[in-house]
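Engineer: So I've got this file, structure30.pdb, and it contains PDB, C-alpha atoms:
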```pdb
MODEL        1
ATOM      1  CA  MET Y   1      20.497 -31.266 -15.980  1.00  0.00           C
ATOM      2  CA  THR Y   2      23.068 -31.072 -13.218  1.00  0.00           C
ATOM      3  CA  SER Y   3      23.471 -33.568 -10.391  1.00  0.00           C
ATOM      4  CA  THR Y   4      22.618 -30.957  -7.789  1.00  0.00           C
ATOM      5  CA  SER Y   5      19.174 -29.776  -6.754  1.00  0.00           C
ATOM      6  CA  THR Y   6      20.380 -26.176  -6.401  1.00  0.00           C
ATOM      7  CA  PRO Y   7      18.007 -23.942  -8.396  1.00  0.00           C
ATOM      8  CA  PRO Y   8      19.725 -22.298 -11.397  1.00  0.00           C
ATOM      9  CA  GLY Y   9      19.226 -18.771 -10.012  1.00  0.00           C
ATOM     10  CA  LEU Y  10      20.764 -19.783  -6.700  1.00  0.00           C
ATOM     11  CA  ALA Y  11      23.671 -21.508  -8.459  1.00  0.00           C
ATOM     12  CA  ARG Y  12      24.295 -18.273 -10.418  1.00  0.00           C
ATOM     13  CA  PHE Y  13      24.201 -16.261  -7.183  1.00  0.00           C
ATOM     14  CA  ASN Y  14      26.608 -18.691  -5.486  1.00  0.00           C
ATOM     15  CA  ALA Y  15      29.016 -18.328  -8.422  1.00  0.00           C
ATOM     16  CA  LEU Y  16      29.028 -14.509  -8.501  1.00  0.00           C
ATOM     17  CA  GLU Y  17      32.203 -12.672  -7.623  1.00  0.00           C
ATOM     18  CA  GLU Y  18      32.049 -11.089  -4.181  1.00  0.00           C
ATOM     19  CA  HIS Y  19      31.356  -7.520  -5.360  1.00  0.00           C
ATOM     20  CA  ALA Y  20      28.569  -8.657  -7.720  1.00  0.00           C
ATOM     21  CA  ALA Y  21      26.997 -10.890  -5.057  1.00  0.00           C
ATOM     22  CA  LEU Y  22      27.099  -8.042  -2.533  1.00  0.00           C
ATOM     23  CA  ALA Y  23      25.455  -5.727  -5.077  1.00  0.00           C
ATOM     24  CA  ALA Y  24      22.706  -8.304  -5.689  1.00  0.00           C
ATOM     25  CA  LEU Y  25      22.143  -8.641  -1.949  1.00  0.00           C
ATOM     26  CA  HIS Y  26      22.069  -4.855  -1.557  1.00  0.00           C
ATOM     27  CA  GLU Y  27      19.162  -4.802  -4.016  1.00  0.00           C
ATOM     28  CA  ALA Y  28      17.291  -7.068  -1.601  1.00  0.00           C
ATOM     29  CA  CYS Y  29      18.286  -5.274   1.612  1.00  0.00           C
ATOM     30  CA  ALA Y  30      20.260  -2.059   2.092  1.00  0.00           C
ATOM     31  CA  SER Y  31      21.957  -3.294   5.285  1.00  0.00           C
ATOM     32  CA  THR Y  32      25.654  -3.853   4.642  1.00  0.00           C
ATOM     33  CA  ALA Y  33      25.920  -6.139   7.698  1.00  0.00           C
ATOM     34  CA  TRP Y  34      23.040  -8.314   6.429  1.00  0.00           C
ATOM     35  CA  GLY Y  35      24.622  -8.591   2.987  1.00  0.00           C
ATOM     36  CA  ARG Y  36      28.048  -9.457   4.385  1.00  0.00           C
ATOM     37  CA  ARG Y  37      26.578 -12.172   6.619  1.00  0.00           C
ATOM     38  CA  LEU Y  38      24.840 -13.787   3.658  1.00  0.00           C
ATOM     39  CA  LEU Y  39      27.919 -13.420   1.504  1.00  0.00           C
ATOM     40  CA  ALA Y  40      30.027 -15.188   4.148  1.00  0.00           C
ATOM     41  CA  ALA Y  41      27.527 -18.080   4.283  1.00  0.00           C
ATOM     42  CA  ARG Y  42      27.765 -18.881   0.561  1.00  0.00           C
ATOM     43  CA  PRO Y  43      27.424 -21.244  -1.153  1.00  0.00           C
ATOM     44  CA  PHE Y  44      23.828 -22.156  -0.396  1.00  0.00           C
ATOM     45  CA  ALA Y  45      22.632 -25.628  -1.341  1.00  0.00           C
ATOM     46  CA  THR Y  46      18.944 -24.714  -1.336  1.00  0.00           C
ATOM     47  CA  ALA Y  47      16.773 -21.627  -1.342  1.00  0.00           C
ATOM     48  CA  ASP Y  48      15.629 -22.588   2.164  1.00  0.00           C
ATOM     49  CA  ASP Y  49      19.262 -22.423   3.312  1.00  0.00           C
ATOM     50  CA  LEU Y  50      19.475 -18.898   1.872  1.00  0.00           C
ATOM     51  CA  TYR Y  51      16.216 -17.861   3.573  1.00  0.00           C
ATOM     52  CA  ALA Y  52      17.370 -19.301   6.910  1.00  0.00           C
ATOM     53  CA  ALA Y  53      20.641 -17.377   6.631  1.00  0.00           C
ATOM     54  CA  SER Y  54      18.662 -14.226   5.808  1.00  0.00           C
ATOM     55  CA  ASP Y  55      16.388 -14.725   8.815  1.00  0.00           C
ATOM     56  CA  ALA Y  56      19.405 -15.220  11.100  1.00  0.00           C
ATOM     57  CA  ALA Y  57      21.178 -12.159   9.679  1.00  0.00           C
ATOM     58  CA  THR Y  58      18.013 -10.044  10.061  1.00  0.00           C
ATOM     59  CA  ALA Y  59      17.641 -11.157  13.689  1.00  0.00           C
ATOM     60  CA  GLU Y  60      21.238 -10.075  14.385  1.00  0.00           C
ATOM     61  CA  LEU Y  61      20.948  -6.561  12.938  1.00  0.00           C
ATOM     62  CA  THR Y  62      21.981  -3.839  15.351  1.00  0.00           C
ATOM     63  CA  PRO Y  63      19.807  -0.722  15.639  1.00  0.00           C
ATOM     64  CA  ALA Y  64      22.198   1.073  13.244  1.00  0.00           C
ATOM     65  CA  ASP Y  65      22.037  -1.854  10.777  1.00  0.00           C
ATOM     66  CA  LEU Y  66      18.239  -1.788  10.950  1.00  0.00           C
ATOM     67  CA  ASP Y  67      18.287   1.970  10.274  1.00  0.00           C
ATOM     68  CA  GLU Y  68      20.498   1.360   7.238  1.00  0.00           C
ATOM     69  CA  ALA Y  69      18.101  -1.310   5.969  1.00  0.00           C
ATOM     70  CA  MET Y  70      15.063   0.933   6.437  1.00  0.00           C
ATOM     71  CA  ALA Y  71      16.761   3.798   4.623  1.00  0.00           C
ATOM     72  CA  GLY Y  72      16.609   1.643   1.485  1.00  0.00           C
ATOM     73  CA  HIS Y  73      12.799   1.569   1.552  1.00  0.00           C
ATOM     74  CA  PRO Y  74      10.654   4.405   0.213  1.00  0.00           C
ATOM     75  CA  PRO Y  75       7.504   5.451   2.080  1.00  0.00           C
ATOM     76  CA  ILE Y  76       4.350   3.470   1.309  1.00  0.00           C
ATOM     77  CA  GLY Y  77       2.506   5.193  -1.509  1.00  0.00           C
ATOM     78  CA  ARG Y  78       5.656   6.843  -2.852  1.00  0.00           C
ATOM     79  CA  PRO Y  79       7.798   4.180  -4.545  1.00  0.00           C
ATOM     80  CA  LYS Y  80      11.175   5.307  -5.818  1.00  0.00           C
ATOM     81  CA  PRO Y  81      10.865   6.623  -9.391  1.00  0.00           C
ATOM     82  CA  GLY Y  82      12.286   4.121 -11.835  1.00  0.00           C
ATOM     83  CA  ASP Y  83      12.434   1.361  -9.204  1.00  0.00           C
ATOM     84  CA  PRO Y  84      10.297  -1.551 -10.408  1.00  0.00           C
ATOM     85  CA  THR Y  85      10.797  -3.452  -7.126  1.00  0.00           C
ATOM     86  CA  SER Y  86       9.236  -0.825  -4.872  1.00  0.00           C
ATOM     87  CA  ALA Y  87       6.514  -0.113  -7.441  1.00  0.00           C
ATOM     88  CA  ARG Y  88       5.642  -3.829  -7.663  1.00  0.00           C
ATOM     89  CA  GLU Y  89       5.687  -4.305  -3.895  1.00  0.00           C
ATOM     90  CA  GLN Y  90       3.516  -1.251  -3.326  1.00  0.00           C
ATOM     91  CA  SER Y  91       1.078  -1.959  -6.153  1.00  0.00           C
ATOM     92  CA  GLY Y  92      -1.771  -2.033  -3.614  1.00  0.00           C
ATOM     93  CA  MET Y  93      -1.453   1.749  -3.362  1.00  0.00           C
ATOM     94  CA  ALA Y  94      -1.074   2.372  -7.100  1.00  0.00           C
ATOM     95  CA  GLY Y  95      -4.781   2.369  -7.866  1.00  0.00           C
ATOM     96  CA  ALA Y  96      -5.889   3.754  -4.519  1.00  0.00           C
ATOM     97  CA  PRO Y  97      -8.224   6.760  -4.532  1.00  0.00           C
ATOM     98  CA  ASP Y  98      -6.605  10.162  -4.071  1.00  0.00           C
ATOM     99  CA  GLY Y  99      -8.154  10.483  -0.603  1.00  0.00           C
ATOM    100  CA  LEU Y 100      -6.518   7.269   0.564  1.00  0.00           C
ATOM    101  CA  LYS Y 101      -3.174   8.336  -0.915  1.00  0.00           C
ATOM    102  CA  ALA Y 102      -3.402  11.685   0.898  1.00  0.00           C
ATOM    103  CA  GLU Y 103      -4.348   9.950   4.160  1.00  0.00           C
ATOM    104  CA  MET Y 104      -1.423   7.557   3.760  1.00  0.00           C
ATOM    105  CA  LEU Y 105       0.948  10.487   3.227  1.00  0.00           C
ATOM    106  CA  GLU Y 106      -0.266  12.097   6.474  1.00  0.00           C
ATOM    107  CA  LEU Y 107       0.024   8.806   8.349  1.00  0.00           C
ATOM    108  CA  ASN Y 108       3.527   8.195   6.961  1.00  0.00           C
ATOM    109  CA  LEU Y 109       4.592  11.623   8.194  1.00  0.00           C
ATOM    110  CA  ALA Y 110       3.057  11.058  11.646  1.00  0.00           C
ATOM    111  CA  TYR Y 111       4.747   7.665  11.870  1.00  0.00           C
ATOM    112  CA  GLN Y 112       8.111   9.059  10.803  1.00  0.00           C
ATOM    113  CA  GLU Y 113       7.818  11.880  13.320  1.00  0.00           C
ATOM    114  CA  LYS Y 114       7.017   9.462  16.155  1.00  0.00           C
ATOM    115  CA  PHE Y 115       9.523   6.712  15.351  1.00  0.00           C
ATOM    116  CA  GLY Y 116      12.216   8.548  13.377  1.00  0.00           C
ATOM    117  CA  HIS Y 117      12.109   6.217  10.386  1.00  0.00           C
ATOM    118  CA  VAL Y 118       9.949   5.170   7.469  1.00  0.00           C
ATOM    119  CA  PHE Y 119       6.876   2.984   8.083  1.00  0.00           C
ATOM    120  CA  LEU Y 120       8.028  -0.445   6.959  1.00  0.00           C
ATOM    121  CA  ILE Y 121       5.560  -3.165   6.085  1.00  0.00           C
ATOM    122  CA  CYS Y 122       5.678  -6.130   3.758  1.00  0.00           C
ATOM    123  CA  ALA Y 123       3.302  -4.503   1.269  1.00  0.00           C
ATOM    124  CA  THR Y 124       3.245  -7.388  -1.211  1.00  0.00           C
ATOM    125  CA  GLY Y 125      -0.338  -8.562  -1.625  1.00  0.00           C
ATOM    126  CA  ARG Y 126      -1.803  -5.867   0.635  1.00  0.00           C
ATOM    127  CA  THR Y 127      -4.412  -3.346  -0.408  1.00  0.00           C
ATOM    128  CA  GLY Y 128      -4.038   0.357   0.230  1.00  0.00           C
ATOM    129  CA  GLU Y 129      -6.693   0.106   2.931  1.00  0.00           C
ATOM    130  CA  GLN Y 130      -4.832  -2.728   4.670  1.00  0.00           C
ATOM    131  CA  MET Y 131      -1.628  -0.689   4.684  1.00  0.00           C
ATOM    132  CA  ARG Y 132      -3.459   2.372   6.004  1.00  0.00           C
ATOM    133  CA  ASP Y 133      -5.065   0.327   8.765  1.00  0.00           C
ATOM    134  CA  ALA Y 134      -1.684  -1.187   9.692  1.00  0.00           C
ATOM    135  CA  VAL Y 135       0.041   2.183  10.039  1.00  0.00           C
ATOM    136  CA  LYS Y 136      -2.870   3.502  12.110  1.00  0.00           C
ATOM    137  CA  GLU Y 137      -2.621   0.513  14.429  1.00  0.00           C
ATOM    138  CA  ARG Y 138       1.153   0.612  14.687  1.00  0.00           C
ATOM    139  CA  LEU Y 139       1.214   4.319  15.536  1.00  0.00           C
ATOM    140  CA  GLY Y 140       0.040   3.245  19.009  1.00  0.00           C
ATOM    141  CA  ASN Y 141       3.073   1.024  19.586  1.00  0.00           C
ATOM    142  CA  ALA Y 142       5.952   1.768  21.910  1.00  0.00           C
ATOM    143  CA  PRO Y 143       9.214   2.431  20.010  1.00  0.00           C
ATOM    144  CA  GLU Y 144      10.832  -0.823  21.203  1.00  0.00           C
ATOM    145  CA  GLN Y 145       7.794  -2.865  20.139  1.00  0.00           C
ATOM    146  CA  GLU Y 146       7.715  -1.119  16.781  1.00  0.00           C
ATOM    147  CA  ARG Y 147      11.406  -1.847  16.106  1.00  0.00           C
ATOM    148  CA  GLU Y 148      10.747  -5.578  16.502  1.00  0.00           C
ATOM    149  CA  ILE Y 149       7.722  -5.376  14.182  1.00  0.00           C
ATOM    150  CA  VAL Y 150       9.911  -3.552  11.653  1.00  0.00           C
ATOM    151  CA  ARG Y 151      12.533  -6.307  11.967  1.00  0.00           C
ATOM    152  CA  THR Y 152       9.854  -8.952  11.300  1.00  0.00           C
ATOM    153  CA  GLU Y 153       8.479  -7.044   8.298  1.00  0.00           C
ATOM    154  CA  LEU Y 154      12.009  -6.544   6.941  1.00  0.00           C
ATOM    155  CA  GLY Y 155      12.586 -10.281   7.195  1.00  0.00           C
ATOM    156  CA  LYS Y 156       9.443 -10.949   5.123  1.00  0.00           C
ATOM    157  CA  ILE Y 157      10.500  -8.410   2.494  1.00  0.00           C
ATOM    158  CA  ASN Y 158      14.021  -9.859   2.335  1.00  0.00           C
ATOM    159  CA  ARG Y 159      12.634 -13.377   1.765  1.00  0.00           C
ATOM    160  CA  ILE Y 160      10.402 -12.179  -1.087  1.00  0.00           C
ATOM    161  CA  ARG Y 161      13.264 -10.313  -2.717  1.00  0.00           C
ATOM    162  CA  LEU Y 162      15.655 -13.239  -2.304  1.00  0.00           C
ATOM    163  CA  ALA Y 163      13.060 -15.539  -3.858  1.00  0.00           C
ATOM    164  CA  ARG Y 164      13.005 -13.270  -6.906  1.00  0.00           C
ATOM    165  CA  LEU Y 165      16.817 -13.447  -7.032  1.00  0.00           C
ATOM    166  CA  VAL Y 166      16.797 -17.253  -6.785  1.00  0.00           C
ATOM    167  CA  ASP Y 167      13.981 -17.608  -9.319  1.00  0.00           C
ATOM    168  CA  ALA Y 168      15.445 -15.073 -11.761  1.00  0.00           C
ATOM    169  CA  GLU Y 169      15.890 -16.299 -15.304  1.00  0.00           C
ATOM    170  CA  GLU Y 170      19.344 -15.997 -16.782  1.00  0.00           C
ATOM    171  CA  ASP Y 171      19.902 -12.653 -18.508  1.00  0.00           C
TER
ENDMDL
END
```
Take the structure I supplied and represent it as structure tokens, if you would.

Structural biologist:
Amino acid sequence: MTSTSTPPGLARFNALEEHAALAALHEACASTAWGRRLLAARPFATADDLYAASDAATAELTPADLDEAMAGHPPIGRPKPGDPTSAREQSGMAGAPDGLKAEMLELNLAYQEKFGHVFLICATGRTGEQMRDAVKERLGNAPEQEREIVRTELGKINRIRLARLVDAEED
């Protein structure tokens, strides 16, 4: 046991070379600016320090940075093939009836047409019906309001993904 309370996964992340750490961060969030901000804040003493840095970096994303982050997320109901992260996060849609999947596809398209980007929601722990209801509700938002909701949802997703990074067992 070491004299520090830094979790082993976080200690491994802190010790990564810059390119490897940036790649690990890119797996959590596709925004280059977000990843660089977290990289510059290393080392992190605790997971909470990492999450606070993530929250601050997410809050500072420009519209272009937010677009870059959203581009890394597949539409709800259509996780990227071979991507266990998006499949796990969207598991609430995996067993959904075909009618709900078809409705979600239509809603995703309507959302993308209105806002110009993918519908982003922290899908972890949500059912297909909850995600459908959320997109229906959010379709009524003004674009500026929706961007801030997207930023909040991105922050939640980033925290979950960083927690997996910090809690990861050594390979």

Engineer: Which polymer residues have any atom within 12 Å of an atom of Ala96 of chain Y, counting all atoms listed in the file, with same-chain residues fewer than 5 positions away left out, as number ranges by chain?

Structural biologist: Y: 76-77, 90-91, 101-104, 126-132

Engineer: Could you tell me, as a PyMOL selection string, exactly which residues end up selected when the PyMOL selection byres ((chain Y and resi 168) around 12) is applied to this structure?

Structural biologist: chain Y and resi 7-13+24+161-167+169-171

Engineer: Could you state the separation of atom CA of Leu38 of chain Y and atom CA of Arg151 of chain Y in Å, given to one decimal place?

Structural biologist: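 Atom CA of Arg151 of chain Y lies 16.6 Å from atom CA of Leu38 of chain Y.
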
Engineer: Written as an MDAnalysis selection string, what is the full residue list that the PyMOL selection byres ((chain Y and resi 105-119) around 10) yields on the file shown?

Structural biologist: chainID Y and resid 67 70:78 99:104 120:121 131:136 138:144 146:147 150

Engineer: Which residues fall under the PyMOL selection byres ((chain Y and resi 58) around 9) in this file, as a VMD selection string?

Structural biologist: chain Y and resid 34 53 to 57 59 to 61 66 151 to 152 154 to 155 158

Engineer: Restricted to C-alpha atoms, what would the selected residues look like written as a PDB file, keeping the file's coordinate frame?

Structural biologist:
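New file result.pdb:
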```pdb
ATOM      1  CA  TRP Y  34      23.040  -8.314   6.429  1.00  0.00           C
ATOM      2  CA  ALA Y  53      20.641 -17.377   6.631  1.00  0.00           C
ATOM      3  CA  SER Y  54      18.662 -14.226   5.808  1.00  0.00           C
ATOM      4  CA  ASP Y  55      16.388 -14.725   8.815  1.00  0.00           C
ATOM      5  CA  ALA Y  56      19.405 -15.220  11.100  1.00  0.00           C
ATOM      6  CA  ALA Y  57      21.178 -12.159   9.679  1.00  0.00           C
ATOM      7  CA  ALA Y  59      17.641 -11.157  13.689  1.00  0.00           C
ATOM      8  CA  GLU Y  60      21.238 -10.075  14.385  1.00  0.00           C
ATOM      9  CA  LEU Y  61      20.948  -6.561  12.938  1.00  0.00           C
ATOM     10  CA  LEU Y  66      18.239  -1.788  10.950  1.00  0.00           C
ATOM     11  CA  ARG Y 151      12.533  -6.307  11.967  1.00  0.00           C
ATOM     12  CA  THR Y 152       9.854  -8.952  11.300  1.00  0.00           C
ATOM     13  CA  LEU Y 154      12.009  -6.544   6.941  1.00  0.00           C
ATOM     14  CA  GLY Y 155      12.586 -10.281   7.195  1.00  0.00           C
ATOM     15  CA  ASN Y 158      14.021  -9.859   2.335  1.00  0.00           C
TER      16      ASN Y 158
END
```

Engineer: Hey, can you check how far atom CA of His26 of chain Y sits from atom CA of Ala52 of chain Y?

Structural biologist: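 So the two atoms, atom CA of His26 of chain Y and atom CA of Ala52 of chain Y, lie 17.4 Å apart.
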
Engineer: Separation of atom CA of Ser31 of chain Y and atom CA of Ile157 of chain Y, in Å?

Structural biologist: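 Computed distance, atom CA of Ser31 of chain Y to atom CA of Ile157 of chain Y, equals 12.9 Å.
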
Engineer: Once you add 8 Å to each side, what are the centre and edge lengths of the axis-aligned box holding all listed atoms of segment 96-105 of chain Y? One decimal in Å, as JSON, if you can.

Structural biologist:
```
{"center_x": -3.6, "center_y": 7.7, "center_z": -0.2, "size_x": 25.2, "size_y": 23.9, "size_z": 24.7}
```

Engineer: Nearest residue to Ala23 of chain Y out of Y:Tyr51, Y:Thr46, Y:Leu39, Y:Pro97, using only C-alpha atoms?

Structural biologist: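 Using only C-alpha atoms, the shortest distance to Ala23 of chain Y belongs to Y:Leu39.
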
Engineer: Which residue out of Y:Leu16, Y:Ala94, Y:Cys29, Y:Ala47 has the minimum interatomic distance to Lys156 of chain Y when all atoms listed in the file are used?

Structural biologist: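 The answer is Y:Cys29, which sits nearest to Lys156 of chain Y.
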